[in-house]
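Everything on this sheet refers to the single structure shown next.
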Amino acid sequence: MNTTPSVSDPVEEYIAAFPADIQTILQQIRATIRAAAPDARETIKYNMPAYVLDGFLVSFAAYKKHIGLYPAPGGDATNSADDDFNARLAPYRTEKSTVRIPLDRPIPYELIAEIVTRRVAEQKSP
């Protein structure tokens with residue numbers, strides 16, 4: 001009989017609650033965020049996967065028709081003077097602090113990585 005307590009992974013549990021096709025997308029988003037912010041701590045905040053570095057970095061959640069990406073509580077990572085970045089982000093921006101990625105379109109993993117990279121840079125700047 002094994003008496004070793006099991007170690008649960010709350011983010012893995014979150015992802016496992018969705019259908020297999022959505023799990024695949026969520027796992028790739030998770031891997032994308034981890035690659036862009038390898039030093040960030042992974043946790044659950046507000047019932048969704050969240051990443052913390054020097055404060056809140058980014059979180060994501062799955063919904064019926066989209067993935068929500070929340071780059072900052074006050075919404076700064078998606079507000080940029082970079083016109084090219086803004087043009088690529090425009091189809092997904094719904095609010096100042098929310099990026100909504102429809103599930104019926106290709107997931108822009110490179111854009112997600114760029115958002116996270118920008119958030120990391122914001123946290124490192126004075």
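So you can find residues: chains in the structure tokens are A, B, ... in the order shown, residues in each start at 1, and ligands are numbered from 1 in order.
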
For Ile101 (chain A): contacts at 8 Å, only C-alpha atoms, fewer than 6 positions along chain excluded, given as a short mmCIF file (atom, residue, chain, number, x, y, z; two decimals) with N, CA and C atoms, in the first residue's frame:
data_model
loop_
_atom_site.label_atom_id
_atom_site.label_comp_id
_atom_site.auth_asym_id
_atom_site.auth_seq_id
_atom_site.Cartn_x
_atom_site.Cartn_y
_atom_site.Cartn_z
N HIS A 66 -14.40 30.67 -26.78
CA HIS A 66 -13.13 31.39 -26.87
C HIS A 66 -12.21 31.07 -25.69
N ILE A 67 -10.96 31.51 -25.85
CA ILE A 67 -10.00 31.48 -24.76
C ILE A 67 -9.80 32.94 -24.35
N GLY A 68 -9.88 33.20 -23.07
CA GLY A 68 -9.60 34.54 -22.56
C GLY A 68 -8.17 34.59 -22.05
N LEU A 69 -7.47 35.61 -22.45
CA LEU A 69 -6.11 35.84 -21.97
C LEU A 69 -6.13 37.18 -21.26
N TYR A 92 -8.30 40.40 -31.64
CA TYR A 92 -8.54 39.65 -30.41
C TYR A 92 -8.83 40.53 -29.20
N ILE A 107 -5.22 29.44 -33.23
CA ILE A 107 -4.76 30.09 -32.00
C ILE A 107 -3.42 30.77 -32.29
#

*asked:* Using DSSP assignments from the backbone, pull out every residue in chain A that falls under strand (DSSP E or B) and give it to me as a ChimeraX atom specification.
replied: /A:41-45,48-52,56-62,66-70,93-95,98-102

File of the preceding selection, N, CA and C atoms, as a tab-separated table (two decimals), in the first residue's frame:
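Okay, this is what ended up in out.tsv:
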chain	number	residue	atom	x	y	z
A	41	ARG	N	6.09	31.79	-11.68
A	41	ARG	CA	5.47	30.76	-10.84
A	41	ARG	C	4.05	30.53	-11.34
A	42	GLU	N	3.70	29.27	-11.51
A	42	GLU	CA	2.37	28.91	-11.99
A	42	GLU	C	1.45	28.65	-10.80
A	43	THR	N	0.24	29.18	-10.87
A	43	THR	CA	-0.71	29.04	-9.78
A	43	THR	C	-2.13	29.11	-10.34
A	44	ILE	N	-3.09	29.09	-9.48
A	44	ILE	CA	-4.49	29.32	-9.85
A	44	ILE	C	-4.94	30.58	-9.13
A	45	LYS	N	-5.47	31.53	-9.87
A	45	LYS	CA	-6.05	32.75	-9.30
A	45	LYS	C	-7.39	32.98	-9.99
A	48	MET	N	-8.55	30.27	-12.45
A	48	MET	CA	-7.93	30.07	-13.76
A	48	MET	C	-6.41	30.02	-13.59
A	49	PRO	N	-5.73	29.36	-14.53
A	49	PRO	CA	-4.28	29.33	-14.47
A	49	PRO	C	-3.72	30.75	-14.54
A	50	ALA	N	-2.75	31.01	-13.68
A	50	ALA	CA	-2.14	32.34	-13.62
A	50	ALA	C	-0.64	32.19	-13.41
A	51	TYR	N	0.08	33.21	-13.85
A	51	TYR	CA	1.54	33.20	-13.77
A	51	TYR	C	1.98	34.48	-13.07
A	52	VAL	N	2.90	34.30	-12.12
A	52	VAL	CA	3.37	35.39	-11.28
A	52	VAL	C	4.88	35.45	-11.39
A	56	PHE	N	1.65	39.91	-10.62
A	56	PHE	CA	0.82	39.21	-11.60
A	56	PHE	C	1.36	39.43	-13.00
A	57	LEU	N	1.45	38.34	-13.77
A	57	LEU	CA	1.97	38.42	-15.13
A	57	LEU	C	0.84	38.23	-16.14
A	58	VAL	N	0.21	37.07	-16.13
A	58	VAL	CA	-0.82	36.75	-17.11
A	58	VAL	C	-1.64	35.57	-16.60
A	59	SER	N	-2.88	35.46	-17.06
A	59	SER	CA	-3.69	34.29	-16.78
A	59	SER	C	-4.51	33.97	-18.02
A	60	PHE	N	-5.07	32.77	-18.04
A	60	PHE	CA	-5.91	32.39	-19.17
A	60	PHE	C	-7.06	31.52	-18.68
A	61	ALA	N	-8.11	31.47	-19.49
A	61	ALA	CA	-9.28	30.66	-19.15
A	61	ALA	C	-9.98	30.23	-20.43
A	62	ALA	N	-10.59	29.07	-20.38
A	62	ALA	CA	-11.35	28.56	-21.52
A	62	ALA	C	-12.83	28.80	-21.28
A	66	HIS	N	-14.40	30.67	-26.78
A	66	HIS	CA	-13.13	31.39	-26.87
A	66	HIS	C	-12.21	31.07	-25.69
A	67	ILE	N	-10.96	31.51	-25.85
A	67	ILE	CA	-10.00	31.48	-24.76
A	67	ILE	C	-9.80	32.94	-24.35
A	68	GLY	N	-9.88	33.20	-23.07
A	68	GLY	CA	-9.60	34.54	-22.56
A	68	GLY	C	-8.17	34.59	-22.05
A	69	LEU	N	-7.47	35.61	-22.45
A	69	LEU	CA	-6.11	35.84	-21.97
A	69	LEU	C	-6.13	37.18	-21.26
A	70	TYR	N	-5.68	37.18	-20.03
A	70	TYR	CA	-5.75	38.37	-19.20
A	70	TYR	C	-4.32	38.80	-18.86
A	93	ARG	N	-8.55	41.81	-29.31
A	93	ARG	CA	-8.73	42.70	-28.17
A	93	ARG	C	-10.22	42.99	-27.99
A	94	THR	N	-10.71	42.81	-26.77
A	94	THR	CA	-12.11	43.11	-26.49
A	94	THR	C	-12.24	44.22	-25.46
A	95	GLU	N	-11.31	44.26	-24.55
A	95	GLU	CA	-11.29	45.29	-23.53
A	95	GLU	C	-9.83	45.63	-23.27
A	98	THR	N	-8.27	42.51	-21.69
A	98	THR	CA	-8.72	41.19	-22.12
A	98	THR	C	-8.40	40.96	-23.58
A	99	VAL	N	-7.89	39.77	-23.85
A	99	VAL	CA	-7.69	39.31	-25.21
A	99	VAL	C	-8.58	38.09	-25.35
A	100	ARG	N	-9.46	38.09	-26.34
A	100	ARG	CA	-10.40	36.99	-26.56
A	100	ARG	C	-10.04	36.29	-27.86
A	101	ILE	N	-9.68	35.02	-27.76
A	101	ILE	CA	-9.24	34.25	-28.91
A	101	ILE	C	-10.34	33.25	-29.26
A	102	PRO	N	-11.03	33.46	-30.38
A	102	PRO	CA	-12.11	32.54	-30.75
A	102	PRO	C	-11.58	31.13	-31.02

Find the spatial neighbours of region 116-126 of chain A, counting only C-alpha atoms, within a cut-off of 8 Å - ignore same-chain residues fewer than 5 positions away - and output them as an mmCIF file with N, CA and C atoms, in the first residue's frame.
data_model
loop_
_atom_site.group_PDB
_atom_site.id
_atom_site.type_symbol
_atom_site.label_atom_id
_atom_site.label_comp_id
_atom_site.auth_asym_id
_atom_site.auth_seq_id
_atom_site.Cartn_x
_atom_site.Cartn_y
_atom_site.Cartn_z
ATOM 1 N N ILE A 33 3.330 30.074 -22.583
ATOM 2 C CA ILE A 33 3.570 31.008 -21.481
ATOM 3 C C ILE A 33 4.826 30.609 -20.712
ATOM 4 N N ALA A 36 7.908 31.573 -22.628
ATOM 5 C CA ALA A 36 8.125 33.020 -22.682
ATOM 6 C C ALA A 36 8.492 33.602 -21.313
ATOM 7 N N ALA A 37 8.107 32.914 -20.254
ATOM 8 C CA ALA A 37 8.394 33.394 -18.892
ATOM 9 C C ALA A 37 8.803 32.207 -18.025
ATOM 10 N N LEU A 53 5.414 36.630 -11.609
ATOM 11 C CA LEU A 53 6.857 36.807 -11.662
ATOM 12 C C LEU A 53 7.215 37.815 -10.572
ATOM 13 N N ASP A 54 7.237 39.075 -10.896
ATOM 14 C CA ASP A 54 7.390 40.128 -9.895
ATOM 15 C C ASP A 54 6.019 40.783 -9.752
ATOM 16 N N GLY A 55 5.047 39.994 -9.395
ATOM 17 C CA GLY A 55 3.655 40.397 -9.398
ATOM 18 C C GLY A 55 2.920 39.619 -10.475
ATOM 19 N N LEU A 57 1.447 38.345 -13.774
ATOM 20 C CA LEU A 57 1.968 38.423 -15.129
ATOM 21 C C LEU A 57 0.844 38.230 -16.141
ATOM 22 N N VAL A 58 0.210 37.074 -16.128
ATOM 23 C CA VAL A 58 -0.822 36.752 -17.108
ATOM 24 C C VAL A 58 -1.636 35.567 -16.604
ATOM 25 N N PRO A 71 -3.770 39.696 -19.661
ATOM 26 C CA PRO A 71 -2.368 40.061 -19.501
ATOM 27 C C PRO A 71 -2.069 40.961 -18.321
ATOM 28 N N ALA A 77 -0.297 45.304 -20.881
ATOM 29 C CA ALA A 77 0.527 44.592 -21.879
ATOM 30 C C ALA A 77 -0.061 44.679 -23.276
#

_What's around Ala31 (chain A) at 12 Å? Count only C-alpha atoms, leave out sequence neighbours fewer than 2 positions away in its own chain, and write the answer as a PyMOL selection string._
chain A and resi 11-12+24-29+33-38+42+51+109-110+112-113+116

_Best match for closeness to Tyr46 (chain A) among A:Tyr14, A:Arg30, A:Asp84, A:Ser97, counting only C-alpha atoms_ = A:Tyr14

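One distance worth recording is that between CA of Pro19 (chain A) and CA of Asp39 (chain A), which is 29.1 Å.
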
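Reported to one decimal place, the separation of CA of Ile115 (chain A) from CA of Asp83 (chain A) is 14.1 Å.
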
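Restricting the calculation to only C-alpha atoms, the smallest distance between Leu89 (chain A) and any of A:Gln23, A:Lys64, A:Leu111, A:Ala17 is found for A:Leu111.
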
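When CA of Lys65 (chain A) is paired with CA of Asp104 (chain A), their separation reads 7.5 Å.
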